[in-house]
$ cat input.tsv   # TSV, C-alpha atoms (C1' of nucleotides)
chain	number	residue	atom	x	y	z
A	222	MET	CA	19.66	-4.08	-17.39
A	223	LYS	CA	22.73	-2.01	-16.75
A	224	LYS	CA	25.23	-3.16	-14.20
A	225	ALA	CA	25.20	0.23	-12.55
A	226	ARG	CA	21.57	-0.23	-11.71
A	227	TYR	CA	22.21	-3.66	-10.33
A	228	ASP	CA	24.98	-2.35	-8.11
A	229	ARG	CA	22.79	0.42	-6.88
A	230	LEU	CA	19.96	-1.89	-5.94
A	231	LYS	CA	22.27	-4.43	-4.41
A	232	GLN	CA	23.88	-1.76	-2.27
A	233	ALA	CA	20.47	-0.96	-0.88
A	234	GLY	CA	19.87	-4.58	0.01
A	235	TRP	CA	17.35	-5.31	-2.68
A	236	THR	CA	19.23	-8.16	-4.20
A	237	VAL	CA	17.12	-11.27	-4.15
A	238	GLY	CA	19.87	-13.77	-4.62
A	239	THR	CA	22.05	-14.47	-7.58
A	240	THR	CA	22.42	-12.13	-10.48
A	241	ALA	CA	20.34	-14.47	-12.56
A	242	GLU	CA	17.53	-14.30	-10.08
A	243	PHE	CA	17.90	-10.57	-9.97
A	244	LEU	CA	17.37	-10.39	-13.67
A	245	ASP	CA	13.97	-11.95	-13.19
A	246	LEU	CA	12.84	-8.57	-12.00
A	247	THR	CA	10.91	-6.93	-14.78
A	248	GLU	CA	11.79	-3.42	-15.80
A	249	GLU	CA	8.58	-2.27	-14.15
A	250	GLU	CA	9.43	-3.92	-10.87
A	251	ALA	CA	12.91	-2.47	-10.96
A	252	ALA	CA	11.54	0.99	-11.65
A	253	LEU	CA	9.14	0.68	-8.75
A	254	ILE	CA	11.94	-0.31	-6.42
A	255	GLU	CA	14.12	2.53	-7.61
A	256	MET	CA	11.29	4.93	-6.92
A	257	LYS	CA	11.04	3.61	-3.40
A	258	LEU	CA	14.77	3.96	-2.91
A	259	ALA	CA	14.59	7.54	-4.08
A	260	LEU	CA	11.70	8.29	-1.74
A	261	ALA	CA	13.47	6.62	1.15
A	262	HIS	CA	16.58	8.63	0.56
A	263	SER	CA	14.61	11.82	0.33
A	264	LEU	CA	12.85	10.98	3.56
A	265	ARG	CA	16.15	10.66	5.37
A	266	GLU	CA	17.32	13.94	3.92
A	267	HIS	CA	14.21	15.75	5.05
A	268	ARG	CA	14.43	14.29	8.54
A	269	ASP	CA	18.09	15.16	8.88
A	270	ALA	CA	17.48	18.67	7.58
A	271	GLN	CA	15.00	19.20	10.39
A	272	HIS	CA	17.24	17.60	12.99
A	273	LEU	CA	14.67	15.05	14.01
A	274	THR	CA	15.38	11.63	15.43
A	275	GLN	CA	13.55	8.63	14.03
A	276	GLU	CA	11.66	8.51	17.31
A	277	GLN	CA	10.50	12.10	16.93
A	278	LEU	CA	9.44	11.62	13.35
A	279	ALA	CA	7.63	8.42	14.28
A	280	LYS	CA	5.60	10.34	16.81
A	281	MET	CA	4.70	12.96	14.21
A	282	LEU	CA	3.54	10.22	11.89
A	283	GLY	CA	1.73	8.19	14.50
A	284	SER	CA	4.15	5.38	13.87
A	285	SER	CA	7.15	3.81	15.52
A	286	GLN	CA	10.92	4.25	15.39
A	287	SER	CA	11.39	0.85	13.86
A	288	ARG	CA	9.03	1.59	11.02
A	289	VAL	CA	10.80	4.85	10.29
A	290	ALA	CA	14.07	2.94	10.15
A	291	LYS	CA	12.50	0.52	7.71
A	292	MET	CA	11.15	3.35	5.61
A	293	GLU	CA	14.57	4.89	5.32
A	294	ALA	CA	16.02	1.50	4.45
A	295	ALA	CA	13.34	1.08	1.78
A	296	ASP	CA	12.50	-2.23	3.40
A	297	PRO	CA	10.26	-4.39	1.21
A	298	SER	CA	7.62	-4.25	3.92
A	299	VAL	CA	7.02	-0.55	3.44
A	300	SER	CA	4.65	0.72	0.84
A	301	MET	CA	5.24	3.56	-1.54
A	302	GLU	CA	2.17	5.19	-0.07
A	303	LEU	CA	3.65	5.28	3.42
A	304	LEU	CA	6.81	6.84	2.06
A	305	VAL	CA	4.90	9.53	0.22
A	306	ARG	CA	2.64	10.23	3.15
A	307	SER	CA	5.65	10.62	5.40
A	308	LEU	CA	7.41	12.96	3.03
A	309	LEU	CA	4.33	15.14	2.88
A	310	MET	CA	4.21	15.20	6.67
A	311	LEU	CA	7.76	16.45	6.67
A	312	GLY	CA	6.69	19.34	4.52
A	313	ALA	CA	7.62	18.09	1.09
A	314	THR	CA	5.41	19.45	-1.65
A	315	ARG	CA	3.63	17.37	-4.27
A	316	LYS	CA	5.96	18.85	-6.78
A	317	GLU	CA	8.98	17.69	-4.88
A	318	VAL	CA	7.56	14.23	-4.39
A	319	GLY	CA	6.96	14.04	-8.11
A	320	ARG	CA	10.48	15.14	-8.83
A	321	VAL	CA	11.91	12.51	-6.52
A	322	MET	CA	9.79	9.81	-8.09
A	323	ALA	CA	10.88	10.81	-11.54
A	324	ARG	CA	14.54	11.28	-10.99
A	325	GLY	CA	15.62	8.29	-9.00
A	326	PRO	CA	18.04	7.94	-6.15
A	327	ALA	CA	19.77	11.21	-5.39
A	328	VAL	CA	22.85	9.11	-4.82
A	329	PRO	CA	24.07	8.05	-8.25
A	330	ALA	CA	25.59	4.72	-9.13
A	331	ALA	CA	29.12	4.48	-7.79
B	42	MET	CA	-9.06	24.71	1.62
B	43	LYS	CA	-10.52	26.00	-1.60
B	44	LYS	CA	-14.00	25.07	-2.60
B	45	ALA	CA	-12.78	23.99	-6.01
B	46	ARG	CA	-10.68	21.32	-4.43
B	47	TYR	CA	-13.59	20.16	-2.35
B	48	ASP	CA	-15.80	19.90	-5.40
B	49	ARG	CA	-13.17	17.97	-7.27
B	50	LEU	CA	-12.69	15.47	-4.49
B	51	LYS	CA	-16.38	15.15	-3.87
B	52	GLN	CA	-16.99	14.44	-7.53
B	53	ALA	CA	-14.61	11.55	-7.27
B	54	GLY	CA	-16.48	10.14	-4.32
B	55	TRP	CA	-13.92	10.97	-1.72
B	56	THR	CA	-16.23	12.96	0.45
B	57	VAL	CA	-16.37	11.46	3.88
B	58	GLY	CA	-19.58	13.04	4.99
B	59	THR	CA	-20.44	16.62	5.74
B	60	THR	CA	-18.32	19.51	4.67
B	61	ALA	CA	-17.19	19.94	8.23
B	62	GLU	CA	-16.01	16.37	8.33
B	63	PHE	CA	-14.33	16.87	5.03
B	64	LEU	CA	-12.35	19.73	6.44
B	65	ASP	CA	-10.88	17.35	8.97
B	66	LEU	CA	-8.71	16.05	6.19
B	67	THR	CA	-5.29	17.47	6.70
B	68	GLU	CA	-3.53	19.14	3.84
B	69	GLU	CA	-1.27	16.10	3.62
B	70	GLU	CA	-4.17	13.69	3.34
B	71	ALA	CA	-5.80	15.88	0.71
B	72	ALA	CA	-2.58	16.03	-1.27
B	73	LEU	CA	-2.27	12.26	-1.13
B	74	ILE	CA	-5.80	11.84	-2.42
B	75	GLU	CA	-5.25	14.32	-5.19
B	76	MET	CA	-2.16	12.40	-6.24
B	77	LYS	CA	-4.22	9.24	-6.41
B	78	LEU	CA	-6.88	10.97	-8.44
B	79	ALA	CA	-4.24	12.18	-10.87
B	80	LEU	CA	-2.74	8.71	-11.18
B	81	ALA	CA	-6.18	7.18	-11.65
B	82	HIS	CA	-7.01	9.62	-14.39
B	83	SER	CA	-3.73	9.00	-16.10
B	84	LEU	CA	-4.32	5.27	-15.92
B	85	ARG	CA	-7.62	5.63	-17.72
B	86	GLU	CA	-6.00	7.80	-20.35
B	87	HIS	CA	-3.24	5.28	-20.97
B	88	ARG	CA	-5.68	2.43	-21.20
B	89	ASP	CA	-7.95	4.28	-23.60
B	90	ALA	CA	-5.00	5.33	-25.71
B	91	GLN	CA	-4.13	1.69	-26.20
B	92	HIS	CA	-7.74	0.68	-26.81
B	93	LEU	CA	-7.76	-1.86	-24.03
B	94	THR	CA	-10.79	-2.95	-22.05
B	95	GLN	CA	-10.59	-3.14	-18.28
B	96	GLU	CA	-10.72	-6.88	-18.67
B	97	GLN	CA	-7.72	-6.91	-20.97
B	98	LEU	CA	-5.71	-4.62	-18.76
B	99	ALA	CA	-6.62	-6.71	-15.74
B	100	LYS	CA	-5.19	-9.76	-17.44
B	101	MET	CA	-1.98	-7.90	-18.21
B	102	LEU	CA	-1.71	-6.89	-14.57
B	103	GLY	CA	-2.66	-10.26	-13.17
B	104	SER	CA	-5.68	-8.65	-11.62
B	105	SER	CA	-9.42	-8.43	-12.23
B	106	GLN	CA	-11.77	-6.14	-14.10
B	107	SER	CA	-13.36	-4.94	-10.89
B	108	ARG	CA	-10.05	-3.90	-9.44
B	109	VAL	CA	-9.17	-1.99	-12.58
B	110	ALA	CA	-12.50	-0.20	-12.32
B	111	LYS	CA	-11.70	0.68	-8.73
B	112	MET	CA	-8.26	1.90	-9.69
B	113	GLU	CA	-9.71	4.24	-12.26
B	114	ALA	CA	-12.26	5.44	-9.75
B	115	ALA	CA	-9.48	6.05	-7.26
B	116	ASP	CA	-11.41	3.92	-4.81
B	117	PRO	CA	-10.09	4.24	-1.26
B	118	SER	CA	-9.26	0.55	-1.32
B	119	VAL	CA	-6.58	0.99	-3.95
B	120	SER	CA	-3.08	1.90	-2.99
B	121	MET	CA	-0.89	4.44	-4.67
B	122	GLU	CA	1.57	1.64	-5.27
B	123	LEU	CA	-0.91	-0.36	-7.33
B	124	LEU	CA	-1.70	2.69	-9.42
B	125	VAL	CA	1.94	3.38	-10.12
B	126	ARG	CA	2.69	-0.23	-10.87
B	127	SER	CA	-0.19	-0.35	-13.33
B	128	LEU	CA	0.89	2.82	-15.06
B	129	LEU	CA	4.36	1.41	-15.52
B	130	MET	CA	2.88	-1.76	-16.96
B	131	LEU	CA	1.05	0.38	-19.48
B	132	GLY	CA	4.35	1.81	-20.59
B	133	ALA	CA	4.45	5.03	-18.62
B	134	THR	CA	7.95	6.15	-17.72
B	135	ARG	CA	9.13	7.06	-14.27
B	136	LYS	CA	9.41	10.59	-15.48
B	137	GLU	CA	5.81	10.65	-16.54
B	138	VAL	CA	4.64	9.11	-13.29
B	139	GLY	CA	6.54	11.80	-11.44
B	140	ARG	CA	4.98	14.49	-13.55
B	141	VAL	CA	1.50	13.16	-12.89
B	142	MET	CA	2.14	12.97	-9.17
B	143	ALA	CA	3.39	16.52	-9.11
B	144	ARG	CA	0.81	18.19	-11.25
B	145	GLY	CA	-2.49	16.90	-10.00
B	146	PRO	CA	-5.63	15.85	-11.79
B	147	ALA	CA	-5.41	16.51	-15.50
B	148	VAL	CA	-9.04	17.51	-15.28
B	149	PRO	CA	-9.17	20.92	-13.61
B	150	ALA	CA	-11.80	22.05	-11.16
B	151	ALA	CA	-15.06	22.80	-12.94
C	53	DT	C1'	35.01	0.47	30.69
C	54	DG	C1'	29.84	1.63	31.13
C	55	DA	C1'	25.99	4.61	30.39
C	56	DC	C1'	23.46	6.95	27.05
C	57	DT	C1'	21.46	8.15	22.47
C	58	DC	C1'	20.32	6.92	18.12
C	59	DT	C1'	19.47	3.50	14.44
C	60	DA	C1'	18.77	-1.38	12.55
C	61	DT	C1'	16.42	-5.81	12.49
C	62	DG	C1'	13.18	-9.47	13.68
C	63	DT	C1'	8.58	-10.80	15.09
C	64	DC	C1'	3.62	-10.48	15.83
C	65	DA	C1'	-1.41	-9.31	16.02
C	66	DA	C1'	-4.39	-6.13	13.82
C	67	DA	C1'	-5.51	-3.28	10.00
C	68	DT	C1'	-5.65	-2.68	5.20
C	69	DA	C1'	-5.27	-3.93	0.29
C	70	DC	C1'	-5.68	-7.59	-2.81
C	71	DG	C1'	-7.86	-10.70	-6.63
C	72	DA	C1'	-12.00	-12.95	-7.48
C	73	DC	C1'	-16.71	-13.39	-8.03
C	74	DA	C1'	-21.53	-11.86	-8.45
C	75	DT	C1'	-24.39	-8.59	-10.05
C	76	DA	C1'	-26.00	-4.07	-11.41
C	77	DG	C1'	-25.65	-0.22	-14.37
C	78	DT	C1'	-24.70	2.00	-19.09
C	79	DC	C1'	-24.24	2.29	-23.88
C	80	DT	C1'	-24.72	0.82	-28.70
C	81	DA	C1'	-26.65	-1.66	-32.24
C	82	DT	C1'	-30.23	-4.21	-34.30
D	101	DA	C1'	-37.04	-3.77	-26.49
D	102	DT	C1'	-33.50	-7.40	-26.33
D	103	DA	C1'	-28.76	-8.65	-26.69
D	104	DG	C1'	-24.13	-7.99	-26.10
D	105	DA	C1'	-19.97	-5.51	-24.66
D	106	DC	C1'	-18.10	-2.75	-21.29
D	107	DT	C1'	-17.84	-0.61	-16.71
D	108	DA	C1'	-19.28	0.08	-11.69
D	109	DT	C1'	-20.13	-1.61	-7.06
D	110	DG	C1'	-20.49	-4.76	-3.18
D	111	DT	C1'	-18.69	-8.68	-0.71
D	112	DC	C1'	-15.48	-12.25	0.72
D	113	DG	C1'	-11.33	-14.98	1.95
D	114	DT	C1'	-6.50	-14.28	1.72
D	115	DA	C1'	-2.15	-11.71	1.42
D	116	DT	C1'	0.36	-7.76	2.50
D	117	DT	C1'	1.29	-3.70	5.30
D	118	DT	C1'	1.02	-1.63	9.66
D	119	DG	C1'	2.38	0.00	14.54
D	120	DA	C1'	4.36	-1.92	18.44
D	121	DC	C1'	7.65	-4.22	21.01
D	122	DA	C1'	12.09	-6.45	21.95
D	123	DT	C1'	16.63	-6.44	21.15
D	124	DA	C1'	20.98	-5.75	18.78
D	125	DG	C1'	24.38	-2.69	16.75
D	126	DA	C1'	26.97	1.71	16.36
D	127	DG	C1'	28.61	5.91	18.03
D	128	DT	C1'	29.88	9.39	21.81
D	129	DC	C1'	31.24	10.96	26.18
D	130	DA	C1'	33.13	10.67	30.89
$ encode --input "input.tsv" --output "structure tokens"
Amino acid sequence: MKKARYDRLKQAGWTVGTTAEFLDLTEEEAALIEMKLALAHSLREHRDAQHLTQEQLAKMLGSSQSRVAKMEAADPSVSMELLVRSLLMLGATRKEVGRVMARGPAVPAA
Amino acid sequence: MKKARYDRLKQAGWTVGTTAEFLDLTEEEAALIEMKLALAHSLREHRDAQHLTQEQLAKMLGSSQSRVAKMEAADPSVSMELLVRSLLMLGATRKEVGRVMARGPAVPAA
DNA sequence: TGACTCTATGTCAAATACGACATAGTCTAT
DNA sequence: ATAGACTATGTCGTATTTGACATAGAGTCA
């Protein structure tokens, strides 16, 4: 596991504890989390681009402001499915969702 | 909504009831379901390619044969997240997962 | 400063997804 | 046709995810 990846995940609050504990994440788990981070980031970008508040987006989604905040923070309590559904609601295409999933966080490692 | 798409979804057991009811699915919901169908199909392909039984894959995933069957059937009770996680476990890359999500069911409308 | 807007975080009951099990279907070989 | 291997489907108790609410933080303006 590259340090850059660790830093990136840690920055997003995904660190579980020590580095040793972190390394217990399998590659698959790490990939899944990175996908979620990428989706979360994309969600924020789409919302900002449309000048919507979290409250407004929540209403569009039939959800709540706090859940939108958690989505954008890629909180462990939000599912990949909710992120994808929300992106679609914001007008993202399947193609774009696929691209986001494949490419990782738009914000590269520092 | 094109009839081809309807047929494809219906074939996979996603029909909710009448055609009229079906049309109540929003474009976003339909897209989400199609993504799941694509992931499910890809999962089956990966499993077959590695000559694994559902039972064997289940063990790898820490799950059960019946859940694997439901995954491959894109049963409404399986989440997109579980499908993606399983694909990764089978060795699929993020890039491939993204491609599958973007492109839709590998099996085209009849 | 305080009021106001927006976002972040913690908690909870209800909804949904989960693995597990039982059992039914399907296919192949003998 | 029976057996055996694999897959499909239904149900159940539990675990996770959800929207909602409360409340805290951060920023802006007067």
$ atom_distance --input "input.tsv" --atom1 "C1' of DT57 (chain C)" --atom2 "C1' of DG127 (chain D)"
8.7 Å
$ interface_residues --input "input.tsv" --of "chain A" --to "chain C" --cutoff "9 Å" --atoms "all atoms listed in the file" --output "list of chain:residue names"
A:Thr274, A:Gln275, A:Glu276, A:Gln286, A:Ser287, A:Ala290, A:Lys291
$ residues_near_point --input "input.tsv" --point "(7.2, 10.7, 11.7)" --cutoff "10 Å" --atoms "all atoms listed in the file" --output "VMD selection string"
chain A and resid 264 268 273 to 286 288 to 289 306 to 308 310 to 311
$ residues_around --input "input.tsv" --residues "Met292 (chain A)" --least-positions-apart "6" --cutoff "8 Å" --atoms "only C-alpha atoms (C1' of nucleotides)" --output "number ranges by chain"
A: 261, 299, 304
$ write_last_selection --input "input.tsv" --atoms "C-alpha atoms" --output "mmCIF file, in the coordinates of the input"
data_model
loop_
_atom_site.group_PDB
_atom_site.id
_atom_site.type_symbol
_atom_site.label_atom_id
_atom_site.label_comp_id
_atom_site.auth_asym_id
_atom_site.auth_seq_id
_atom_site.Cartn_x
_atom_site.Cartn_y
_atom_site.Cartn_z
ATOM 1 C CA ALA A 261 13.470 6.620 1.150
ATOM 2 C CA VAL A 299 7.020 -0.550 3.440
ATOM 3 C CA LEU A 304 6.810 6.840 2.060
#
$ interface_residues --input "input.tsv" --of "chain D" --to "chain B" --cutoff "10 Å" --atoms "only C-alpha atoms (C1' of nucleotides)" --output "list in words"
DA105, DC106, DT107, DA108 and DT109 of chain D
$ interface_residues --input "input.tsv" --of "chain A" --to "chain B" --cutoff "8 Å" --atoms "all atoms listed in the file" --output "ChimeraX atom specification"
/A:249-250,252-253,256,300-302,305-306,309-310,315-324
$ atom_distance --input "input.tsv" --atom1 "CA of Leu258 (chain A)" --atom2 "CA of Glu293 (chain A)"
8.3 Å
$ atom_distance --input "input.tsv" --atom1 "CA of Leu260 (chain A)" --atom2 "CA of Ala115 (chain B)"
22.0 Å
$ build_atoms --input "input.tsv" --residues "region 68-101 of chain B" --atoms "N, CA and C atoms" --output "tab-separated table (two decimals), in the coordinates of the input"
chain	number	residue	atom	x	y	z
B	68	GLU	N	-4.05	18.78	5.15
B	68	GLU	CA	-3.53	19.14	3.84
B	68	GLU	C	-2.77	17.95	3.24
B	69	GLU	N	-2.06	17.23	4.10
B	69	GLU	CA	-1.27	16.10	3.62
B	69	GLU	C	-2.18	14.99	3.07
B	70	GLU	N	-3.25	14.73	3.80
B	70	GLU	CA	-4.17	13.69	3.34
B	70	GLU	C	-4.80	14.11	2.02
B	71	ALA	N	-5.19	15.38	1.94
B	71	ALA	CA	-5.80	15.88	0.71
B	71	ALA	C	-4.83	15.77	-0.46
B	72	ALA	N	-3.59	16.10	-0.21
B	72	ALA	CA	-2.58	16.03	-1.27
B	72	ALA	C	-2.41	14.59	-1.74
B	73	LEU	N	-2.42	13.67	-0.80
B	73	LEU	CA	-2.27	12.26	-1.13
B	73	LEU	C	-3.43	11.80	-2.01
B	74	ILE	N	-4.62	12.22	-1.65
B	74	ILE	CA	-5.80	11.84	-2.42
B	74	ILE	C	-5.76	12.45	-3.80
B	75	GLU	N	-5.34	13.67	-3.88
B	75	GLU	CA	-5.25	14.32	-5.19
B	75	GLU	C	-4.22	13.61	-6.07
B	76	MET	N	-3.15	13.16	-5.47
B	76	MET	CA	-2.16	12.40	-6.24
B	76	MET	C	-2.80	11.13	-6.79
B	77	LYS	N	-3.57	10.48	-5.96
B	77	LYS	CA	-4.22	9.24	-6.41
B	77	LYS	C	-5.20	9.53	-7.53
B	78	LEU	N	-5.93	10.61	-7.39
B	78	LEU	CA	-6.88	10.97	-8.44
B	78	LEU	C	-6.14	11.21	-9.75
B	79	ALA	N	-5.03	11.89	-9.66
B	79	ALA	CA	-4.24	12.18	-10.87
B	79	ALA	C	-3.73	10.89	-11.50
B	80	LEU	N	-3.25	9.99	-10.66
B	80	LEU	CA	-2.74	8.71	-11.18
B	80	LEU	C	-3.88	7.91	-11.80
B	81	ALA	N	-5.03	7.92	-11.15
B	81	ALA	CA	-6.18	7.18	-11.65
B	81	ALA	C	-6.60	7.70	-13.01
B	82	HIS	N	-6.62	9.01	-13.12
B	82	HIS	CA	-7.01	9.62	-14.39
B	82	HIS	C	-6.01	9.26	-15.48
B	83	SER	N	-4.77	9.32	-15.13
B	83	SER	CA	-3.73	9.00	-16.10
B	83	SER	C	-3.83	7.54	-16.54
B	84	LEU	N	-4.17	6.69	-15.59
B	84	LEU	CA	-4.32	5.27	-15.92
B	84	LEU	C	-5.40	5.09	-16.97
B	85	ARG	N	-6.52	5.73	-16.75
B	85	ARG	CA	-7.62	5.63	-17.72
B	85	ARG	C	-7.17	6.15	-19.08
B	86	GLU	N	-6.46	7.23	-19.08
B	86	GLU	CA	-6.00	7.80	-20.35
B	86	GLU	C	-5.07	6.83	-21.08
B	87	HIS	N	-4.16	6.23	-20.35
B	87	HIS	CA	-3.24	5.28	-20.97
B	87	HIS	C	-3.99	4.07	-21.52
B	88	ARG	N	-4.93	3.60	-20.75
B	88	ARG	CA	-5.68	2.43	-21.20
B	88	ARG	C	-6.48	2.75	-22.46
B	89	ASP	N	-7.17	3.87	-22.43
B	89	ASP	CA	-7.95	4.28	-23.60
B	89	ASP	C	-7.06	4.45	-24.82
B	90	ALA	N	-5.91	5.07	-24.59
B	90	ALA	CA	-5.00	5.33	-25.71
B	90	ALA	C	-4.57	4.04	-26.40
B	91	GLN	N	-4.55	2.97	-25.63
B	91	GLN	CA	-4.13	1.69	-26.20
B	91	GLN	C	-5.32	0.81	-26.56
B	92	HIS	N	-6.51	1.38	-26.43
B	92	HIS	CA	-7.74	0.68	-26.81
B	92	HIS	C	-7.86	-0.67	-26.11
B	93	LEU	N	-7.62	-0.64	-24.82
B	93	LEU	CA	-7.76	-1.86	-24.03
B	93	LEU	C	-9.02	-1.77	-23.19
B	94	THR	N	-9.67	-2.92	-22.99
B	94	THR	CA	-10.79	-2.95	-22.05
B	94	THR	C	-10.22	-3.16	-20.66
B	95	GLN	N	-11.04	-2.92	-19.65
B	95	GLN	CA	-10.59	-3.14	-18.28
B	95	GLN	C	-10.22	-4.60	-18.10
B	96	GLU	N	-10.99	-5.45	-18.74
B	96	GLU	CA	-10.72	-6.88	-18.67
B	96	GLU	C	-9.34	-7.22	-19.22
B	97	GLN	N	-9.02	-6.64	-20.36
B	97	GLN	CA	-7.72	-6.91	-20.97
B	97	GLN	C	-6.58	-6.38	-20.11
B	98	LEU	N	-6.75	-5.18	-19.62
B	98	LEU	CA	-5.71	-4.62	-18.76
B	98	LEU	C	-5.54	-5.47	-17.50
B	99	ALA	N	-6.66	-5.88	-16.94
B	99	ALA	CA	-6.62	-6.71	-15.74
B	99	ALA	C	-5.76	-7.95	-15.98
B	100	LYS	N	-5.95	-8.55	-17.12
B	100	LYS	CA	-5.19	-9.76	-17.44
B	100	LYS	C	-3.70	-9.44	-17.50
B	101	MET	N	-3.38	-8.31	-18.14
B	101	MET	CA	-1.98	-7.90	-18.21
B	101	MET	C	-1.37	-7.71	-16.82
